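Undergrad: Got data_32.txt for you, compact mmCIF, C-alpha atoms:
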# COMPACT_ATOMS: atom_id res chain seq x y z
CA MET A 1 16.56 -28.04 -21.84
CA ARG A 2 14.02 -28.84 -24.57
CA MET A 3 11.10 -27.85 -22.33
CA GLY A 4 12.78 -24.51 -21.58
CA VAL A 5 13.18 -23.77 -25.30
CA VAL A 6 9.55 -24.70 -25.95
CA ARG A 7 8.37 -22.37 -23.18
CA ARG A 8 10.42 -19.44 -24.48
CA VAL A 9 9.15 -19.96 -28.03
CA GLY A 10 5.59 -20.22 -26.75
CA ALA A 11 5.97 -16.97 -24.80
CA ARG A 12 7.28 -15.17 -27.91
CA VAL A 13 4.40 -16.45 -30.02
CA ALA A 14 1.93 -15.28 -27.35
CA ARG A 15 3.48 -11.79 -27.33
CA LEU A 16 3.28 -11.58 -31.12
CA ARG A 17 -0.37 -12.60 -31.08
CA LEU A 18 -1.09 -10.03 -28.39
CA ARG A 19 0.40 -7.28 -30.54
CA GLN A 20 -1.94 -8.26 -33.37
CA CYS A 21 -5.05 -8.00 -31.16
CA THR A 22 -7.42 -5.09 -31.51
CA PRO A 23 -7.79 -2.68 -28.54
CA GLU A 24 -11.13 -4.29 -27.67
CA GLN A 25 -9.57 -7.77 -27.64
CA LYS A 26 -6.74 -6.53 -25.38
CA ARG A 27 -9.26 -5.05 -22.93
CA SER A 28 -11.11 -8.37 -22.88
CA LEU A 29 -7.87 -10.22 -22.08
CA VAL A 30 -7.17 -7.82 -19.21
CA ARG A 31 -10.68 -8.34 -17.86
CA LEU A 32 -10.33 -12.12 -18.01
CA ARG A 33 -6.95 -11.96 -16.27
CA HIS A 34 -8.40 -9.99 -13.33
CA GLN A 35 -11.47 -12.22 -13.16
CA GLY A 36 -9.39 -15.39 -13.26
CA SER A 37 -6.91 -14.47 -10.56
CA SER A 38 -7.78 -15.33 -6.99
CA ASN A 39 -7.97 -12.33 -4.69
CA TRP A 40 -7.67 -14.52 -1.60
CA ASN A 41 -4.15 -15.82 -1.88
CA LEU A 42 -1.18 -16.08 0.47
CA ALA A 43 0.11 -12.57 -0.27
CA ASN A 44 -3.24 -10.96 0.50
CA GLY A 45 -3.62 -13.19 3.55
CA LEU A 46 -0.37 -11.79 4.97
CA THR A 47 -1.61 -8.27 4.25
CA VAL A 48 -4.86 -8.95 6.12
CA THR A 49 -2.78 -10.29 9.03
CA ARG A 50 -0.84 -7.02 9.10
CA LEU A 51 -4.12 -5.11 9.06
CA GLY A 52 -5.31 -7.11 12.07
CA LEU A 53 -2.08 -6.41 13.94
CA ALA A 54 -2.63 -2.63 13.80
CA PRO A 55 -5.15 -2.36 16.69
CA VAL A 56 -3.20 -4.98 18.68
CA VAL A 57 0.05 -2.96 18.48
CA ALA A 58 -1.85 0.22 19.39
CA ALA A 59 -3.50 -1.46 22.39
CA PHE A 60 -0.16 -2.75 23.69
CA THR A 61 1.30 0.75 23.33
CA VAL A 62 -1.59 2.42 25.17
CA VAL A 63 -1.35 0.06 28.17
CA GLY A 64 2.44 0.41 28.31
CA SER A 65 3.39 -3.07 27.06
CA ASN A 66 6.04 -1.66 24.76
CA ASP A 67 7.98 -4.92 24.39
CA ALA A 68 4.88 -6.62 23.02
CA ALA A 69 4.29 -3.62 20.74
CA VAL A 70 7.87 -3.95 19.41
CA VAL A 71 7.26 -7.63 18.59
CA GLY A 72 3.98 -6.72 16.88
CA LEU A 73 5.67 -4.06 14.75
CA ALA A 74 8.45 -6.49 13.83
CA VAL A 75 5.94 -9.15 12.74
CA ALA A 76 4.02 -6.52 10.73
CA ALA A 77 7.23 -5.39 9.01
CA LEU A 78 8.13 -9.01 8.19
CA SER A 79 4.66 -9.66 6.72
CA ASP A 80 4.97 -6.47 4.64
CA THR A 81 8.23 -7.74 3.15
CA LEU A 82 6.98 -11.28 2.58
CA ASP A 83 3.68 -10.37 0.92
CA GLY A 84 5.52 -8.25 -1.67
CA ILE A 85 8.04 -11.01 -2.42
CA ILE A 86 5.34 -13.68 -2.67
CA ALA A 87 3.09 -11.52 -4.86
CA ARG A 88 5.91 -10.89 -7.35
CA ARG A 89 7.53 -14.34 -7.22
CA TRP A 90 4.35 -16.39 -7.59
CA SER A 91 2.26 -13.92 -9.63
CA GLN A 92 -0.19 -13.21 -6.81
CA THR A 93 -0.46 -9.48 -7.56
CA THR A 94 -4.12 -8.42 -7.58
CA VAL A 95 -6.08 -5.18 -7.66
CA LEU A 96 -7.55 -6.08 -4.26
CA GLY A 97 -4.01 -6.44 -2.93
CA SER A 98 -3.15 -2.96 -4.23
CA TYR A 99 -5.98 -1.66 -1.99
CA LEU A 100 -5.27 -3.82 1.06
CA ASP A 101 -1.52 -3.15 1.23
CA PRO A 102 -1.74 0.65 1.68
CA LEU A 103 -4.80 0.23 3.93
CA ALA A 104 -2.79 -2.05 6.24
CA ASP A 105 0.18 0.36 6.23
CA LYS A 106 -1.98 3.37 7.02
CA ALA A 107 -3.91 1.55 9.76
CA LEU A 108 -0.65 0.44 11.39
CA VAL A 109 0.92 3.91 11.12
CA ASN A 110 -2.07 5.92 12.31
CA MET A 111 -2.99 3.60 15.20
CA SER A 112 0.61 3.30 16.39
CA LEU A 113 1.30 7.03 16.20
CA GLY A 114 -2.10 7.78 17.76
CA ALA A 115 -1.27 5.48 20.69
CA LEU A 116 2.08 7.22 21.17
CA ALA A 117 0.33 10.61 21.14
CA TRP A 118 -2.09 9.24 23.78
CA ARG A 119 0.97 8.40 25.90
CA GLN A 120 2.28 11.95 25.23
CA VAL A 121 5.35 10.60 23.47
CA LEU A 122 4.50 12.35 20.18
CA PRO A 123 2.88 15.72 19.49
CA VAL A 124 -0.80 15.47 18.62
CA GLU A 125 -0.25 17.92 15.75
CA LEU A 126 2.02 15.44 13.94
CA VAL A 127 -0.51 12.61 14.29
CA CYS A 128 -3.26 14.88 12.94
CA LEU A 129 -1.00 15.79 10.01
CA VAL A 130 -0.40 12.13 9.12
CA ALA A 131 -4.09 11.26 9.49
CA GLY A 132 -5.12 14.31 7.45
CA ARG A 133 -2.76 13.37 4.63
CA ASP A 134 -4.18 9.83 4.54
CA LEU A 135 -7.73 11.19 4.57
CA LEU A 136 -6.75 13.36 1.60
CA LEU A 137 -5.49 10.29 -0.27
CA VAL A 138 -8.69 8.34 0.36
CA SER A 139 -10.90 11.28 -0.66
CA GLY A 140 -8.81 11.81 -3.79
CA ALA A 141 -9.17 8.13 -4.69
CA PHE A 142 -12.96 8.45 -4.63
CA VAL A 143 -12.81 11.56 -6.81
CA VAL A 144 -10.50 9.93 -9.36
CA ARG A 145 -12.68 6.81 -9.45
CA TYR A 146 -15.77 8.94 -10.04
CA ARG A 147 -14.05 10.74 -12.92
CA GLN A 148 -12.81 7.47 -14.40
CA LEU A 149 -16.32 6.01 -14.72
CA SER A 150 -17.36 8.93 -16.94
CA GLY A 151 -20.84 9.33 -15.48
CA ASN A 152 -21.73 5.59 -15.52
CA ASN A 153 -21.68 5.46 -11.75
CA THR A 154 -23.39 2.74 -9.76
CA LEU A 155 -22.42 1.59 -6.28
CA ASP A 156 -21.59 -1.89 -7.59
CA ARG A 157 -19.42 -0.61 -10.46
CA PHE A 158 -17.74 2.00 -8.26
CA PHE A 159 -16.18 -0.67 -6.03
CA ARG A 160 -15.77 -3.40 -8.67
CA ILE A 161 -12.18 -4.63 -8.99
CA THR A 162 -12.67 -7.18 -11.81
CA GLU A 163 -13.73 -4.91 -14.64
CA GLU A 164 -11.66 -4.13 -17.72
CA LYS A 165 -10.40 -0.84 -16.23
CA PRO A 166 -10.00 -1.42 -12.50
CA LEU A 167 -8.55 1.41 -10.45
CA SER A 168 -5.30 0.20 -8.93
CA VAL A 169 -3.15 1.84 -6.28
CA HIS A 170 0.57 2.41 -6.88
CA PRO A 171 3.07 3.77 -4.37
CA SER A 172 5.06 6.87 -5.27
CA SER A 173 8.68 7.29 -4.16
CA LEU A 174 7.76 10.05 -1.71
CA GLY A 175 4.84 8.01 -0.42
CA LYS A 176 7.16 5.07 0.29
CA LEU A 177 9.64 7.34 2.06
CA ALA A 178 6.87 8.92 4.17
CA THR A 179 5.60 5.47 5.22
CA ILE A 180 9.14 4.32 6.12
CA LEU A 181 9.73 7.44 8.25
CA GLN A 182 6.33 7.13 9.96
CA LEU A 183 6.91 3.47 10.84
CA SER A 184 10.46 4.27 11.98
CA LEU A 185 9.07 6.95 14.25
CA ALA A 186 6.50 4.53 15.69
CA LEU A 187 9.20 1.90 16.27
CA ALA A 188 11.54 4.43 17.90
CA GLY A 189 8.72 5.58 20.17
CA VAL A 190 7.90 2.11 21.50
CA LEU A 191 11.59 1.08 21.75
CA ASP A 192 12.30 4.10 23.95
CA GLY A 193 9.76 2.91 26.52
CA ALA A 194 10.49 -0.82 26.29
CA GLU A 195 12.25 -2.83 28.96
CA TYR A 196 13.71 -5.90 27.25
CA PHE A 197 14.11 -4.22 23.84
CA HIS A 198 14.96 -0.81 25.29
CA LEU A 199 16.76 1.56 22.95
CA GLU A 200 17.04 5.18 23.99
CA VAL A 201 16.89 7.63 21.10
CA PRO A 202 19.06 10.75 21.68
CA GLU A 203 17.04 13.96 21.81
CA PRO A 204 18.66 15.54 18.70
CA TRP A 205 17.97 12.41 16.63
CA TRP A 206 14.39 12.27 17.91
CA THR A 207 13.85 15.90 16.88
CA VAL A 208 15.27 15.22 13.42
CA LEU A 209 13.08 12.12 13.00
CA VAL A 210 9.90 13.94 14.04
CA GLY A 211 10.69 16.92 11.81
CA SER A 212 11.64 14.87 8.74
CA THR A 213 8.53 12.71 9.16
CA GLY A 214 6.29 15.77 9.24
CA ALA A 215 8.04 17.41 6.27
CA CYS A 216 7.94 14.24 4.14
CA THR A 217 4.28 13.70 5.01
CA VAL A 218 3.41 17.18 3.70
CA LEU A 219 5.57 16.79 0.57
CA SER A 220 4.11 13.38 -0.28
CA GLY A 221 0.59 14.76 0.09
CA CYS A 222 1.37 17.62 -2.32
CA HIS A 223 3.09 15.18 -4.69
CA TYR A 224 0.02 12.96 -4.61
CA LEU A 225 -2.25 15.87 -5.57
CA TYR A 226 0.06 16.84 -8.44
CA LEU A 227 0.27 13.31 -9.85
CA ASN A 228 -3.43 12.57 -9.72
CA ILE A 229 -4.43 15.82 -11.41
CA TRP A 230 -2.75 14.49 -14.54
CA ASN A 231 -3.33 10.76 -14.20
CA ALA A 232 -6.82 9.40 -13.45
CA SER A 233 -6.12 5.76 -14.33
CA ARG A 234 -4.25 4.95 -11.12
CA ILE A 235 -3.93 6.19 -7.58
CA TYR A 236 -0.52 7.05 -6.14
CA ARG A 237 0.01 6.83 -2.38
Could you show the structure in this file as structure tokens?
TA:
Amino acid sequence: MRMGVVRRVGARVARLRLRQCTPEQKRSLVRLRHQGSSNWNLANGLTVTRLGLAPVVAAFTVVGSNDAAVVGLAVAALSDTLDGIIARRWSQTTVLGSYLDPLADKALVNMSLGALAWRQVLPVELVCLVAGRDLLLVSGAFVVRYRQLSGNNTLDRFFRITEEKPLSVHPSSLGKLATILQLSLALAGVLDGAEYFHLEVPEPWWTVLVGSTGACTVLSGCHYLYLNIWNASRIYR
């Protein structure tokens, strides 16, 4: 009980001292926090695992091993849930993790949907739309980063994630919804051709899923452009 009271009082004192700091002192504290945190932690390790699963799931889909692809997608989804919980619960949130997490999601989505298009399960136009939207996000991130550095651009500083103003990536609501729909479409596609995990998706539901995925992909891309015109300190995905 006494230790809990001491910790709460200490936290309040720390917040009061932080409020009294000058802007320069606050920036220095932020820089030290990013430099002191380990980028290679359990949360980021799970994200890297999900990134490595992307080509494996795609390969299984291309060769027709849909049951294995279903297992791969399930493991990837579990790692996506766990890395977020671990990062928040044990303070393992890092700027590097904010880059790796969307990279792993986009690799998994694009490779899985691309494999399904190769098998003629999905229209190629939809896959190109998803890939084009992600290319737009990556290109926009480079533009925003360039603007943020205010002309002091070097290759080392451009990609540095431990400076006082690192560029972090934050998901928007539409971006989250688009990713959920895209992964749902990939899962539905491999389930439909599986043997052990077979689940046939009715044609009307399949049409609705494909259409809503395409529409949300376009809307999230437009939303991303709108947000990042006004806010150059973070990237929304």
Undergrad: At what distance in Å, to one decimal, does CA of Asn66 in chain A lie from CA of Ala194 in chain A?
TA: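 About the pair CA of Ala194 in chain A and CA of Asn66 in chain A: they are 4.8 Å apart.
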Undergrad: Which residue out of A:Ala58, A:Leu53, A:Leu209, A:Val48 has the minimum interatomic distance to Met111 in chain A when only C-alpha atoms are used?
TA: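 Ranked by minimum distance to Met111 in chain A, first place goes to A:Ala58.
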Undergrad: Can you pull out the residues contacting range 77-84 of chain A? Cut-off 10 Å, using all atoms listed in the file, and skip same-chain residues under 6 positions away; I want them as a PyMOL selection string.
TA: chain A and resi 41-50+71+92-93+97+101+104-105+183
Undergrad: Could you give me, as a ChimeraX atom specification, the residues that have an atom at most 10 Å away from the point (-4.3, 4.2, 10.3) in the coordinates of the file, using all atoms listed in the file?
TA: /A:51,54-55,102-114,130-131,134-135
Undergrad: Generate a file of the selected residues that holds C-alpha atoms, formatted as a compact mmCIF listing (two decimals), in the frame of the given file.
TA:
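This went into out.txt:
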# COMPACT_ATOMS: atom_id res chain seq x y z
CA LEU A 51 -4.12 -5.11 9.06
CA ALA A 54 -2.63 -2.63 13.80
CA PRO A 55 -5.15 -2.36 16.69
CA PRO A 102 -1.74 0.65 1.68
CA LEU A 103 -4.80 0.23 3.93
CA ALA A 104 -2.79 -2.05 6.24
CA ASP A 105 0.18 0.36 6.23
CA LYS A 106 -1.98 3.37 7.02
CA ALA A 107 -3.91 1.55 9.76
CA LEU A 108 -0.65 0.44 11.39
CA VAL A 109 0.92 3.91 11.12
CA ASN A 110 -2.07 5.92 12.31
CA MET A 111 -2.99 3.60 15.20
CA SER A 112 0.61 3.30 16.39
CA LEU A 113 1.30 7.03 16.20
CA GLY A 114 -2.10 7.78 17.76
CA VAL A 130 -0.40 12.13 9.12
CA ALA A 131 -4.09 11.26 9.49
CA ASP A 134 -4.18 9.83 4.54
CA LEU A 135 -7.73 11.19 4.57
Undergrad: Select, from A:Ala59, A:Trp40, A:Arg133, A:Leu191, the residue with the minimum atom-to-atom distance to Thr94 in chain A, counting all atoms listed in the file.
TA: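 So, comparing all the options, the nearest one is A:Trp40.
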Undergrad: Between CA of His198 in chain A and CA of Ser65 in chain A, what is the distance, to one decimal in Å?
TA: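 Separation of CA of His198 in chain A and CA of Ser65 in chain A: 11.9 Å.
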Undergrad: Between A:Val57, A:Ala215, A:Leu126, A:Ala141, which is the closest to Leu227 in chain A once you count only C-alpha atoms?
TA: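 With only C-alpha atoms as the atom set, the closest residue is A:Ala141.
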Undergrad: What gap, in Å, lies between CA of Leu187 in chain A and CA of Leu199 in chain A?
TA: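 Taking CA of Leu187 in chain A and CA of Leu199 in chain A, their separation equals 10.1 Å.
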Undergrad: Would you pick out the contacts of Gly72 in chain A at 8 Å or less, using all atoms listed in the file, so that residues sharing its chain but fewer than 2 positions from it are not included, and give the list as a ChimeraX atom specification?
TA: /A:53,56-57,68-70,74-76
Undergrad: With all atoms listed in the file as the basis for distance, which of A:Ser173, A:Asn39, A:Thr217, A:Gln120 is at the shortest distance from Ser91 in chain A?
TA: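 Comparing A:Ser173, A:Asn39, A:Thr217, A:Gln120 against Ser91 in chain A, the winner is A:Asn39.
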Undergrad: So for range 184-203 of chain A, what box centre and size do we get, axis-aligned, 4 Å extra on each of the six sides, every listed atom, Å to one decimal, as AutoDock Vina command-line options?
TA:
--center_x 12.8 --center_y 4.0 --center_z 20.5 --size_x 20.6 --size_y 27.9 --size_z 25.0
Undergrad: Gly175 in chain A: which residues within 10 Å, counting only C-alpha atoms, same-chain residues fewer than 3 positions away excluded, as a PyMOL selection string?
TA: chain A and resi 170-172+178-181+216-217+219-221+223-224+236-237
Undergrad: Rebuild all heavy atoms on range 178-189 of chain A, as a CSV table (one decimal), in the coordinates of the input?
TA:
chain,number,residue,atom,x,y,z
A,178,ALA,N,7.7,8.4,3.0
A,178,ALA,CA,6.9,8.9,4.2
A,178,ALA,C,6.4,7.8,5.1
A,178,ALA,O,6.5,7.8,6.3
A,178,ALA,CB,5.7,9.7,3.6
A,179,THR,N,6.0,6.6,4.4
A,179,THR,CA,5.6,5.5,5.2
A,179,THR,C,6.8,4.9,6.0
A,179,THR,O,6.6,4.5,7.2
A,179,THR,CB,5.0,4.4,4.3
A,179,THR,OG1,3.9,4.9,3.6
A,179,THR,CG2,4.6,3.2,5.1
A,180,ILE,N,8.0,4.8,5.4
A,180,ILE,CA,9.1,4.3,6.1
A,180,ILE,C,9.5,5.2,7.3
A,180,ILE,O,9.7,4.7,8.4
A,180,ILE,CB,10.3,4.2,5.2
A,180,ILE,CG1,10.1,3.1,4.1
A,180,ILE,CG2,11.6,4.0,5.9
A,180,ILE,CD1,11.2,3.1,3.0
A,181,LEU,N,9.4,6.5,7.1
A,181,LEU,CA,9.7,7.4,8.2
A,181,LEU,C,8.7,7.3,9.3
A,181,LEU,O,9.0,7.4,10.5
A,181,LEU,CB,9.8,8.9,7.7
A,181,LEU,CG,11.1,9.2,6.9
A,181,LEU,CD1,10.9,10.6,6.3
A,181,LEU,CD2,12.3,9.2,7.8
A,182,GLN,N,7.4,7.2,9.0
A,182,GLN,CA,6.3,7.1,10.0
A,182,GLN,C,6.5,5.9,10.8
A,182,GLN,O,6.3,5.9,12.0
A,182,GLN,CB,5.0,7.2,9.2
A,182,GLN,CG,4.7,8.6,8.7
A,182,GLN,CD,3.6,8.5,7.6
A,182,GLN,OE1,3.0,7.4,7.3
A,182,GLN,NE2,3.3,9.6,7.0
A,183,LEU,N,6.7,4.7,10.1
A,183,LEU,CA,6.9,3.5,10.8
A,183,LEU,C,8.2,3.5,11.7
A,183,LEU,O,8.2,2.9,12.8
A,183,LEU,CB,6.9,2.3,9.8
A,183,LEU,CG,5.6,1.9,9.2
A,183,LEU,CD1,5.8,0.9,8.1
A,183,LEU,CD2,4.6,1.4,10.3
A,184,SER,N,9.2,4.1,11.2
A,184,SER,CA,10.5,4.3,12.0
A,184,SER,C,10.2,5.1,13.2
A,184,SER,O,10.7,4.8,14.3
A,184,SER,CB,11.6,4.9,11.1
A,184,SER,OG,11.9,4.2,10.0
A,185,LEU,N,9.4,6.1,13.1
A,185,LEU,CA,9.1,7.0,14.2
A,185,LEU,C,8.3,6.2,15.3
A,185,LEU,O,8.5,6.2,16.5
A,185,LEU,CB,8.3,8.2,13.8
A,185,LEU,CG,7.9,9.2,14.9
A,185,LEU,CD1,9.2,9.8,15.5
A,185,LEU,CD2,7.1,10.3,14.2
A,186,ALA,N,7.3,5.4,14.8
A,186,ALA,CA,6.5,4.5,15.7
A,186,ALA,C,7.4,3.5,16.4
A,186,ALA,O,7.2,3.3,17.6
A,186,ALA,CB,5.4,3.8,14.9
A,187,LEU,N,8.3,2.9,15.7
A,187,LEU,CA,9.2,1.9,16.3
A,187,LEU,C,10.1,2.6,17.3
A,187,LEU,O,10.3,2.0,18.4
A,187,LEU,CB,10.0,1.2,15.2
A,187,LEU,CG,11.0,0.1,15.6
A,187,LEU,CD1,10.2,-1.0,16.4
A,187,LEU,CD2,11.8,-0.4,14.5
A,188,ALA,N,10.7,3.7,17.0
A,188,ALA,CA,11.5,4.4,17.9
A,188,ALA,C,10.8,4.8,19.2
A,188,ALA,O,11.3,4.7,20.3
A,188,ALA,CB,12.1,5.7,17.2
A,189,GLY,N,9.5,5.2,19.0
A,189,GLY,CA,8.7,5.6,20.2
A,189,GLY,C,8.5,4.4,21.1
A,189,GLY,O,8.6,4.6,22.4
